[in-house]
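Engineer: Quick one: structure below, then a few questions.
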2 protein chains.
Amino acid sequence: MNKMDVTPYDVKGIVDYDKLINEFGINKLTTKDIKRIEKIAGESHPYLRRGIFFAHRDINWILDEYEKGNKFFLYTGRGPSGHIQLGHISVWKFAKWLQDKFGAEMWFQFTDDEKYLFKNNLSMEEIQNWTHENMLDVIALGFDPKKTHFLIDTKHAGIMYPEAIKVAKKITFSTVKSSFGFTDSNNIGSIFYTAMQTVPVFLPNVLNKKNQPCLIPLAVDQDPHFRISRDVLEKLGHHKPGIIHAKFMSPLTGIDGKMSTSNPDIAIFTTDDAATVKKKINKYAFSGGKNTIEEHRKHGGNPDIDVSYQWLQYFEDDDAKLKKIHDDYKSGKLLSGELKAILIEKINTFLAEHQKKRASAEKLISKFIYS
Amino acid sequence: MNKMDVTPYDVKGIVDYDKLINEFGINKLTTKDIKRIEKIAGESHPYLRRGIFFAHRDINWILDEYEKGNKFFLYTGRGPSGHIQLGHISVWKFAKWLQDKFGAEMWFQFTDDEKYLFKNNLSMEEIQNWTHENMLDVIALGFDPKKTHFLIDTKHAGIMYPEAIKVAKKITFSTVKSSFGFTDSNNIGSIFYTAMQTVPVFLPNVLNKKNQPCLIPLAVDQDPHFRISRDVLEKLGHHKPGIIHAKFMSPLTGIDGKMSTSNPDIAIFTTDDAATVKKKINKYAFSGGKNTIEEHRKHGGNPDIDVSYQWLQYFEDDDAKLKKIHDDYKSGKLLSGELKAILIEKINTFLAEHQKKRASAEKLISKFIYS
């Protein structure tokens with residue numbers, strides 16, 4: 001088993017989320033916190049109930065301000081280097097829910113500079129193509145075009161770089177070295193980059209002459225960027241962002257590490273057709289079932305390590321149905337193949353709808369890009 | 001005496017230019033090189049004849065291309081952190097001569113980001129103010145508004161940052177560390193900055209879809225930026241720049257180090273009035289004369305260490321007149337006070353004209369800023 005190592009540039013080993021909370025200095029999302037979010041939202045969200053969003057920074061300050069009438073805006077992003085897979089979708093679906101329930105503006109950053117600086121096998125042209133493709137997925141999720149603003153780092157460098165140098169001036173190489181595991185062999189653009197990722201935390205306030213808090217829904221590996229910038233932001237006269245952290249959706253092949261797009265067989269992409277989804281899940285989804293039907297009927301399966309069950313937590317909103325699947329699988333009543341079939345059906349239903357919306361997203365892109 | 005140390009961020013000790021040629025791996029400007037420049041220009045320039053411009057990179061390639069009909073463009077710049085002093089003016093006067101004689105476009109970079117990132121005592125507002133003030137001086141020198149384009153790093157970040165990351169991707173922290181004497185305590189913006197300084201070497205070609213060579217007239221301390229980027233540029237499909245290097249104009253107080261704007265008494269600014277110029281030179285200009293008039297008449301002065309004589313090399317274009325001053329000073333015929341009086345008159349004549357042009361430069365700024 002690999003040692004756990006979680007940075008924006010590498011996730012290794014089985015992730016121990018309690019340990020991560022400790023290491024990152026973030027806070028566990030308590031039942032009380034969740035109740036408070038749900039109360040204001042007027043609705044419960046399965047990703048909160050199920051601990052998929054599990055930690056936070058300053059969520060109570062965000063809600064305090066909201067209740068005082070000072071709305072937060074949302075900020076999240078995407079490094080456009082490949083297809084969108086279901087792990088990305090889960091964070092953004094939740095972000096979309098936050099937009100709907102809290103009437104929040106969303107600033108969505110496409111970090112094309114980051115991908116160019118960190119990936120050796122991608123040209124700027126390919127990255128621009130992925131930026132375009134990935135935008136279609138974000139739009140397909142139904143974000144409000146009037147309240148959603150895409151920032152593309154190279155396209156919006158004119159407004160971002162002048163702010164990024166203010167952040168950069170207050171961060172030393174020592175700091176990024178220890179936070180990201182960089183060495184003297186890192187290229188100087190990759191060293192600078194974290195400053196660009198901090199900018200959307202306060203740029204909307206600069207552009208609109210406001211003073212709103214920023215709430216960032218993100219996968220927990222992105223936290224180190226903001227851990228670095230939180231002190232800096234106050235020195236520059238800006239609020240620290242609030243953050244709500246998601247666990248990683250596990251790869252099809254098992255719960256070790258986060259799902260990556262570099263191996264197409266262990267992830268499901270938003271562009272996969274129904275037959276591909278079926279094939280991938282049947283072939284690769286790690287099973288918590290027993291080796292034979294007889295044994296399975298007798299001893300039952302283990303939903304805690306079964307990827308199909310884990311993934312259903314993202315796609316089956318009905319708690320009672322999910323519990324029945326859990327219990328039936330554990331008792332041996334539900335077989336691994338049957339569990340997979342349920343997941344395949346759920347994902348293909350979601351993707352059919354998503355792909356339909358994605359196909360008509362093209363004409364909306366210009367409404368989403370900030371100008 | 002301090003050990004010689006020359007980087008864009010520090011110049012210490014008495015500069016040994018032959019040693020610098022060796023250390024930097026640049027080439028001495030030979031008589032043959034100078035003759036060739038003069039032949040094409042159709043005119044000799046005192047700064048070439050007098051060794052003020054003393055070294056180069058690839059000047060013969062620049063001239064080869066020129067003779068083939070492929071004109072070069074010029075690129076130089078200014079870090080806007082204070083008044084312009086005569087040392088800056090000397091490099092730009094020569095650049096202006098190159099523009100006139102070779103019909104060259106000039107791209108003039110104002111590195112406001114650099115000054116913000118490297119100076120702790122200057123706010124961005126102050127730097128913007130210096131940018132404005134310094135532009136007036138550049139315009140006052142008579143650059144052709146149709147052929148001269150100001151790039152201001154923060155203002156033009158929209159076109160510069162996307163190119164800078166291409167440069168940055170190919171430069172490691174190790175490299176900037178050894179070239180500039182940086183440490184892990186450097187801020188991450190300062191580490192990235194050299195990439196921004198490389199961009200104007202090729203940006204005009206990107207913007208205009210051309211493939212012209214770039215010639216950079218600069219003070220020799222700026223060479224390390226381009227030493228780093230020369231290999232990178234070829235990998236990105238761009239030409240390496242040609243460079244022509246100037247010696248430092250010495251401070252009033254003596255020939256140790258380069259003239260700095262941080263001590264106002266050892267430099268003369270373009271905004272100094274005639275009385276201030278007179279006072280500064282009389283009070284501070286290091287003299288190569290003897291202690292008493294009698295001794296001076298008997299043994300003569302030493303023009304090699306006399307700052308007034310050194311400075312006259314920049315302001316007295318007539319070789320015969322300059323030689324007479326040299327010989328008269330060396331023989332003891334010309335006294336230190338008289339030598340200073342000659343310099344004062346020369347500088348005040350130049351500044352009277354410069355200040356007149358500077359006063360009417362304001363309305364031209366928008367013609368010079370690239371858009």
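Letters A, B, ... mark the chains of the structure tokens in the order given; residue numbers begin at 1 per chain; ligand numbers begin at 1, in order shown.
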For stretch 131-140 of chain A, find every residue with an atom within 9 Å (counting only C-alpha atoms), except residues of its own chain fewer than 3 positions away, and show them as a PyMOL selection string.

Structural biologist: chain A and resi 78-84+89+92+108+110-112+126-128+143-145+150+152+270+353-362+364-365+368

Engineer: Hey, could you make a per-residue contact list for chain A against chain B with 9 Å as the cut-off, showing the nearest pair of atoms and its distance in Å to one decimal, counting only C-alpha atoms, sorted by chain and number, as a Markdown table?

Structural biologist:
```
| residue | atom | partner | partner_atom | distance |
| --- | --- | --- | --- | --- |
| A:Asp113 | CA | B:Ile165 | CA | 7.1 |
| A:Tyr116 | CA | B:Lys169 | CA | 8.0 |
| A:Leu117 | CA | B:Lys169 | CA | 5.6 |
| A:Phe118 | CA | B:Lys169 | CA | 8.2 |
| A:Met124 | CA | B:Lys166 | CA | 8.9 |
| A:Asp153 | CA | B:Pro162 | CA | 8.5 |
| A:Thr154 | CA | B:Pro162 | CA | 5.2 |
| A:Lys155 | CA | B:Gly158 | CA | 6.7 |
| A:His156 | CA | B:Gly158 | CA | 6.5 |
| A:Ala157 | CA | B:Gly158 | CA | 4.7 |
| A:Gly158 | CA | B:Gly158 | CA | 3.7 |
| A:Ile159 | CA | B:Gly158 | CA | 7.5 |
| A:Met160 | CA | B:Ala157 | CA | 8.4 |
| A:Tyr161 | CA | B:Ala157 | CA | 6.3 |
| A:Pro162 | CA | B:Thr154 | CA | 5.3 |
| A:Ala164 | CA | B:Gly189 | CA | 8.3 |
| A:Ile165 | CA | B:Gly189 | CA | 5.8 |
| A:Lys166 | CA | B:Leu117 | CA | 8.0 |
| A:Val167 | CA | B:Gly189 | CA | 8.4 |
| A:Ala168 | CA | B:Gly189 | CA | 4.9 |
| A:Lys169 | CA | B:Asn187 | CA | 5.3 |
| A:Lys170 | CA | B:Asn187 | CA | 6.4 |
| A:Ile171 | CA | B:Asn187 | CA | 5.3 |
| A:Thr172 | CA | B:Asn187 | CA | 4.1 |
| A:Phe173 | CA | B:Asp184 | CA | 4.9 |
| A:Ser174 | CA | B:Asp184 | CA | 5.1 |
| A:Thr175 | CA | B:Asp184 | CA | 8.5 |
| A:Val176 | CA | B:Ile188 | CA | 8.4 |
| A:Lys177 | CA | B:Asp184 | CA | 8.6 |
| A:Thr183 | CA | B:Phe173 | CA | 8.1 |
| A:Asp184 | CA | B:Phe173 | CA | 4.9 |
| A:Ser185 | CA | B:Thr172 | CA | 5.2 |
| A:Asn186 | CA | B:Thr172 | CA | 5.4 |
| A:Asn187 | CA | B:Thr172 | CA | 4.1 |
| A:Ile188 | CA | B:Phe192 | CA | 5.1 |
| A:Gly189 | CA | B:Ala168 | CA | 4.8 |
| A:Ser190 | CA | B:Lys169 | CA | 7.4 |
| A:Ile191 | CA | B:Ile188 | CA | 6.2 |
| A:Phe192 | CA | B:Ile188 | CA | 5.1 |
| A:Tyr193 | CA | B:Ile188 | CA | 8.6 |
| A:Ala195 | CA | B:Ile188 | CA | 8.3 |
```

Engineer: Find the residues around stretch 4-8 of chain B up to 10 Å (only C-alpha atoms counted), leave out those fewer than 4 positions away in its own chain, and share them as a PyMOL selection string.

Structural biologist: chain B and resi 12-16+19-20+23-24+179-181+219-225+256-258

Engineer: So how far away is atom CA of A:Ile34 from atom CA of A:Ile21, in Å?

Structural biologist: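 That distance, rounded to one decimal, is 16.9 Å.
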
Engineer: Taking 3 positions as the minimum chain separation for residues in the same chain, which residues sit within 7 Å of stretch 274-282 of chain B when counting only C-alpha atoms? Answer as a PDB file with N, CA, C and O atoms, in the first residue's frame.

Structural biologist:
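Result file follows (selection-v4.pdb):
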```
ATOM      1  N   ASP B 265      21.863  62.305  -4.694  1.00  0.00           N
ATOM      2  CA  ASP B 265      23.001  63.212  -4.850  1.00  0.00           C
ATOM      3  C   ASP B 265      24.076  62.674  -5.785  1.00  0.00           C
ATOM      4  O   ASP B 265      24.957  63.413  -6.207  1.00  0.00           O
ATOM      5  N   ILE B 268      22.266  62.569 -11.720  1.00  0.00           N
ATOM      6  CA  ILE B 268      21.549  63.752 -12.199  1.00  0.00           C
ATOM      7  C   ILE B 268      20.314  63.275 -12.932  1.00  0.00           C
ATOM      8  O   ILE B 268      20.381  62.375 -13.778  1.00  0.00           O
ATOM      9  N   ALA B 285      30.956  65.626  -7.899  1.00  0.00           N
ATOM     10  CA  ALA B 285      31.658  64.955  -9.004  1.00  0.00           C
ATOM     11  C   ALA B 285      33.099  64.641  -8.603  1.00  0.00           C
ATOM     12  O   ALA B 285      33.899  65.550  -8.312  1.00  0.00           O
ATOM     13  N   LYS B 340      34.657  71.015 -14.626  1.00  0.00           N
ATOM     14  CA  LYS B 340      33.277  70.882 -14.132  1.00  0.00           C
ATOM     15  C   LYS B 340      32.354  71.891 -14.808  1.00  0.00           C
ATOM     16  O   LYS B 340      31.210  71.573 -15.164  1.00  0.00           O
ATOM     17  N   ILE B 344      28.931  71.089 -16.730  1.00  0.00           N
ATOM     18  CA  ILE B 344      27.671  71.705 -16.277  1.00  0.00           C
ATOM     19  C   ILE B 344      26.967  72.380 -17.453  1.00  0.00           C
ATOM     20  O   ILE B 344      25.759  72.204 -17.655  1.00  0.00           O
ATOM     21  N   ASN B 348      23.399  71.120 -18.850  1.00  0.00           N
ATOM     22  CA  ASN B 348      22.263  72.043 -18.746  1.00  0.00           C
ATOM     23  C   ASN B 348      21.698  72.415 -20.114  1.00  0.00           C
ATOM     24  O   ASN B 348      20.486  72.632 -20.244  1.00  0.00           O
TER      25      ASN B 348
END
```

Engineer: So which residues of stretch 23-149 of chain A fall under alpha helix (DSSP H) by DSSP, listed as an MDAnalysis selection string?

Structural biologist: chainID A and resid 23:24 31:41 46:49 59:67 86:102 112:118 124:140

Engineer: With distances taken over only C-alpha atoms, which of A:Phe94, A:Gly87, A:Tyr309, A:Ala55 is nearest to A:Thr31?

Structural biologist: A:Ala55

Engineer: Check stretch 14-247 of chain A with DSSP on the backbone and list each residue it calls strand (DSSP E), as a VMD selection string.

Structural biologist: chain A and resid 27 to 28 53 to 57 73 to 78 106 to 110 148 to 152 214 to 219 242 to 246

Engineer: List as an mmCIF file with N, CA, C and O atoms, in the first residue's frame the protein and nucleic acid residues near A:Ile37, meaning an atom at most 12 Å away when only C-alpha atoms are counted, but skip any in the same chain fewer than 2 places from it.

Structural biologist:
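Written file, around_19.cif:
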```cif
data_model
loop_
_atom_site.group_PDB
_atom_site.id
_atom_site.type_symbol
_atom_site.label_atom_id
_atom_site.label_comp_id
_atom_site.auth_asym_id
_atom_site.auth_seq_id
_atom_site.Cartn_x
_atom_site.Cartn_y
_atom_site.Cartn_z
ATOM 1 N N LEU A 29 -16.897 18.669 8.647
ATOM 2 C CA LEU A 29 -18.244 19.207 8.505
ATOM 3 C C LEU A 29 -19.131 18.445 9.493
ATOM 4 O O LEU A 29 -19.398 17.254 9.298
ATOM 5 N N THR A 30 -19.569 19.100 10.553
ATOM 6 C CA THR A 30 -20.333 18.408 11.597
ATOM 7 C C THR A 30 -21.811 18.328 11.214
ATOM 8 O O THR A 30 -22.265 19.011 10.292
ATOM 9 N N THR A 31 -22.537 17.497 11.937
ATOM 10 C CA THR A 31 -23.981 17.393 11.727
ATOM 11 C C THR A 31 -24.628 18.763 11.896
ATOM 12 O O THR A 31 -25.532 19.145 11.151
ATOM 13 N N LYS A 32 -24.134 19.514 12.862
ATOM 14 C CA LYS A 32 -24.670 20.852 13.121
ATOM 15 C C LYS A 32 -24.444 21.774 11.910
ATOM 16 O O LYS A 32 -25.345 22.514 11.498
ATOM 17 N N ASP A 33 -23.229 21.707 11.366
ATOM 18 C CA ASP A 33 -22.925 22.518 10.169
ATOM 19 C C ASP A 33 -23.873 22.154 9.024
ATOM 20 O O ASP A 33 -24.420 23.027 8.340
ATOM 21 N N ILE A 34 -24.044 20.847 8.833
ATOM 22 C CA ILE A 34 -24.881 20.375 7.724
ATOM 23 C C ILE A 34 -26.327 20.827 7.912
ATOM 24 O O ILE A 34 -26.967 21.311 6.983
ATOM 25 N N LYS A 35 -26.822 20.679 9.149
ATOM 26 C CA LYS A 35 -28.197 21.117 9.447
ATOM 27 C C LYS A 35 -28.365 22.596 9.126
ATOM 28 O O LYS A 35 -29.384 23.029 8.601
ATOM 29 N N LYS A 39 -30.872 24.087 6.478
ATOM 30 C CA LYS A 39 -31.949 24.957 6.958
ATOM 31 C C LYS A 39 -32.060 26.198 6.072
ATOM 32 O O LYS A 39 -33.150 26.580 5.640
ATOM 33 N N ILE A 40 -30.905 26.826 5.793
ATOM 34 C CA ILE A 40 -30.925 28.034 4.963
ATOM 35 C C ILE A 40 -31.292 27.681 3.516
ATOM 36 O O ILE A 40 -32.045 28.387 2.858
ATOM 37 N N ALA A 41 -30.754 26.551 3.051
ATOM 38 C CA ALA A 41 -31.039 26.140 1.666
ATOM 39 C C ALA A 41 -32.507 25.732 1.505
ATOM 40 O O ALA A 41 -33.053 25.778 0.404
ATOM 41 N N GLY A 42 -33.117 25.324 2.607
ATOM 42 C CA GLY A 42 -34.506 24.849 2.536
ATOM 43 C C GLY A 42 -34.604 23.455 1.952
ATOM 44 O O GLY A 42 -35.660 23.018 1.511
ATOM 45 N N GLU A 43 -33.490 22.742 1.941
ATOM 46 C CA GLU A 43 -33.456 21.425 1.307
ATOM 47 C C GLU A 43 -32.200 20.693 1.772
ATOM 48 O O GLU A 43 -31.167 21.315 1.995
ATOM 49 N N SER A 44 -32.305 19.396 1.854
ATOM 50 C CA SER A 44 -31.135 18.580 2.180
ATOM 51 C C SER A 44 -30.457 18.153 0.875
ATOM 52 O O SER A 44 -31.099 18.087 -0.170
ATOM 53 N N HIS A 45 -29.155 17.928 0.937
ATOM 54 C CA HIS A 45 -28.468 17.430 -0.267
ATOM 55 C C HIS A 45 -27.781 16.107 0.050
ATOM 56 O O HIS A 45 -27.091 15.998 1.064
ATOM 57 N N LEU A 48 -24.169 16.015 1.153
ATOM 58 C CA LEU A 48 -23.902 16.448 2.527
ATOM 59 C C LEU A 48 -24.257 15.327 3.502
ATOM 60 O O LEU A 48 -23.452 14.948 4.352
ATOM 61 N N ARG A 49 -25.456 14.767 3.334
ATOM 62 C CA ARG A 49 -25.909 13.673 4.208
ATOM 63 C C ARG A 49 -24.946 12.501 4.191
ATOM 64 O O ARG A 49 -24.757 11.815 5.172
ATOM 65 N N ILE A 59 -17.039 27.842 6.994
ATOM 66 C CA ILE A 59 -18.395 27.779 6.436
ATOM 67 C C ILE A 59 -19.379 28.569 7.305
ATOM 68 O O ILE A 59 -20.333 29.168 6.791
ATOM 69 N N ASN A 60 -19.115 28.597 8.604
ATOM 70 C CA ASN A 60 -20.062 29.318 9.469
ATOM 71 C C ASN A 60 -19.975 30.833 9.301
ATOM 72 O O ASN A 60 -20.987 31.536 9.392
ATOM 73 N N TRP A 61 -18.783 31.317 8.997
ATOM 74 C CA TRP A 61 -18.639 32.752 8.681
ATOM 75 C C TRP A 61 -19.394 33.088 7.387
ATOM 76 O O TRP A 61 -20.098 34.104 7.303
ATOM 77 N N ILE A 62 -19.268 32.191 6.406
ATOM 78 C CA ILE A 62 -19.987 32.366 5.132
ATOM 79 C C ILE A 62 -21.498 32.466 5.386
ATOM 80 O O ILE A 62 -22.182 33.339 4.845
ATOM 81 N N LEU A 63 -22.009 31.572 6.245
ATOM 82 C CA LEU A 63 -23.448 31.547 6.525
ATOM 83 C C LEU A 63 -23.867 32.729 7.404
ATOM 84 O O LEU A 63 -24.955 33.287 7.226
ATOM 85 N N ASP A 64 -22.989 33.118 8.324
ATOM 86 C CA ASP A 64 -23.267 34.320 9.134
ATOM 87 C C ASP A 64 -23.476 35.526 8.223
ATOM 88 O O ASP A 64 -24.443 36.274 8.358
ATOM 89 N N TYR A 66 -24.154 35.531 5.076
ATOM 90 C CA TYR A 66 -25.349 35.334 4.243
ATOM 91 C C TYR A 66 -26.604 35.753 5.004
ATOM 92 O O TYR A 66 -27.474 36.437 4.463
ATOM 93 N N GLU A 67 -26.665 35.347 6.260
ATOM 94 C CA GLU A 67 -27.851 35.677 7.065
ATOM 95 C C GLU A 67 -27.938 37.168 7.378
ATOM 96 O O GLU A 67 -29.009 37.695 7.622
ATOM 97 N N TRP A 97 -26.126 23.228 -7.170
ATOM 98 C CA TRP A 97 -27.161 23.242 -6.124
ATOM 99 C C TRP A 97 -26.980 24.475 -5.234
ATOM 100 O O TRP A 97 -27.939 25.166 -4.900
ATOM 101 N N LEU A 98 -25.720 24.772 -4.860
ATOM 102 C CA LEU A 98 -25.450 25.958 -4.037
ATOM 103 C C LEU A 98 -25.877 27.234 -4.774
ATOM 104 O O LEU A 98 -26.460 28.137 -4.187
ATOM 105 N N LYS A 101 -29.746 27.335 -4.620
ATOM 106 C CA LYS A 101 -30.369 27.510 -3.305
ATOM 107 C C LYS A 101 -29.988 28.831 -2.641
ATOM 108 O O LYS A 101 -30.731 29.361 -1.828
ATOM 109 N N PHE A 102 -28.786 29.340 -2.964
ATOM 110 C CA PHE A 102 -28.313 30.565 -2.302
ATOM 111 C C PHE A 102 -28.279 31.766 -3.259
ATOM 112 O O PHE A 102 -27.802 32.833 -2.902
ATOM 113 N N ILE A 244 -15.541 24.400 0.964
ATOM 114 C CA ILE A 244 -16.225 23.157 1.332
ATOM 115 C C ILE A 244 -15.610 22.032 0.496
ATOM 116 O O ILE A 244 -15.535 22.117 -0.733
#
```

Engineer: Would you mind listing what lies within 12 Å of A:Val206 as a ChimeraX atom specification, with only C-alpha atoms counted and same-chain residues fewer than 2 positions away left out?

Structural biologist: /A:159-160,162-163,199-204,208-212,236-239

Engineer: Write out the residues from the selection above, keeping N, CA, C and O atoms, as a compact mmCIF listing (two decimals), in the first residue's frame.

Structural biologist:
```txt
# COMPACT_ATOMS: atom_id res chain seq x y z
N ILE A 159 -6.74 40.96 -16.89
CA ILE A 159 -7.29 41.35 -15.59
C ILE A 159 -6.73 40.51 -14.45
O ILE A 159 -6.73 40.93 -13.30
N MET A 160 -6.20 39.32 -14.76
CA MET A 160 -5.75 38.43 -13.69
C MET A 160 -4.29 38.63 -13.29
O MET A 160 -3.95 38.60 -12.10
N PRO A 162 -2.25 41.25 -13.27
CA PRO A 162 -1.94 42.38 -12.37
C PRO A 162 -2.35 42.09 -10.92
O PRO A 162 -1.74 42.62 -9.98
N GLU A 163 -3.38 41.29 -10.72
CA GLU A 163 -3.78 40.91 -9.36
C GLU A 163 -2.90 39.76 -8.84
O GLU A 163 -2.57 39.71 -7.67
N VAL A 199 -6.45 34.33 -7.52
CA VAL A 199 -7.09 35.58 -7.97
C VAL A 199 -8.63 35.56 -7.95
O VAL A 199 -9.25 36.51 -7.48
N PRO A 200 -9.29 34.48 -8.44
CA PRO A 200 -10.76 34.54 -8.44
C PRO A 200 -11.40 34.63 -7.05
O PRO A 200 -12.59 34.91 -6.95
N VAL A 201 -10.61 34.41 -6.00
CA VAL A 201 -11.15 34.56 -4.64
C VAL A 201 -11.59 36.01 -4.40
O VAL A 201 -12.54 36.26 -3.66
N PHE A 202 -10.89 36.95 -5.05
CA PHE A 202 -11.24 38.36 -4.80
C PHE A 202 -11.50 39.17 -6.07
O PHE A 202 -12.04 40.28 -6.00
N LEU A 203 -11.17 38.61 -7.24
CA LEU A 203 -11.34 39.38 -8.48
C LEU A 203 -12.78 39.90 -8.68
O LEU A 203 -12.96 41.06 -9.08
N PRO A 204 -13.82 39.07 -8.41
CA PRO A 204 -15.18 39.59 -8.60
C PRO A 204 -15.43 40.85 -7.77
O PRO A 204 -16.10 41.77 -8.22
N ASN A 208 -16.33 44.36 -9.45
CA ASN A 208 -17.67 44.90 -9.18
C ASN A 208 -17.70 45.86 -8.00
O ASN A 208 -18.77 46.27 -7.58
N LYS A 209 -16.51 46.20 -7.49
CA LYS A 209 -16.42 47.09 -6.31
C LYS A 209 -17.36 46.64 -5.20
O LYS A 209 -18.17 47.40 -4.70
N LYS A 210 -17.24 45.35 -4.87
CA LYS A 210 -18.04 44.79 -3.78
C LYS A 210 -17.12 44.19 -2.72
O LYS A 210 -15.89 44.26 -2.86
N ASN A 211 -17.70 43.62 -1.72
CA ASN A 211 -16.90 43.04 -0.65
C ASN A 211 -17.55 41.74 -0.16
O ASN A 211 -17.75 41.53 1.02
N GLN A 212 -17.89 40.87 -1.12
CA GLN A 212 -18.60 39.63 -0.79
C GLN A 212 -17.63 38.52 -0.42
O GLN A 212 -16.53 38.42 -0.97
N LEU A 236 -3.72 41.68 1.83
CA LEU A 236 -4.07 42.50 0.66
C LEU A 236 -5.44 43.16 0.82
O LEU A 236 -5.94 43.80 -0.10
N GLY A 237 -6.03 42.97 2.01
CA GLY A 237 -7.31 43.63 2.26
C GLY A 237 -8.52 42.88 1.72
O GLY A 237 -9.60 43.44 1.58
N HIS A 238 -8.34 41.59 1.43
CA HIS A 238 -9.45 40.78 0.95
C HIS A 238 -9.86 39.76 2.01
O HIS A 238 -9.09 39.44 2.90
N HIS A 239 -11.09 39.26 1.87
CA HIS A 239 -11.52 38.16 2.74
C HIS A 239 -10.76 36.88 2.40
O HIS A 239 -10.45 36.63 1.24
```

Engineer: Tell me, in Å to one decimal, how far atom CA of A:Arg297 is from atom CA of A:Lys330.

Structural biologist: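 If I compute the distance from atom CA of A:Arg297 to atom CA of A:Lys330, I get 9.4 Å.
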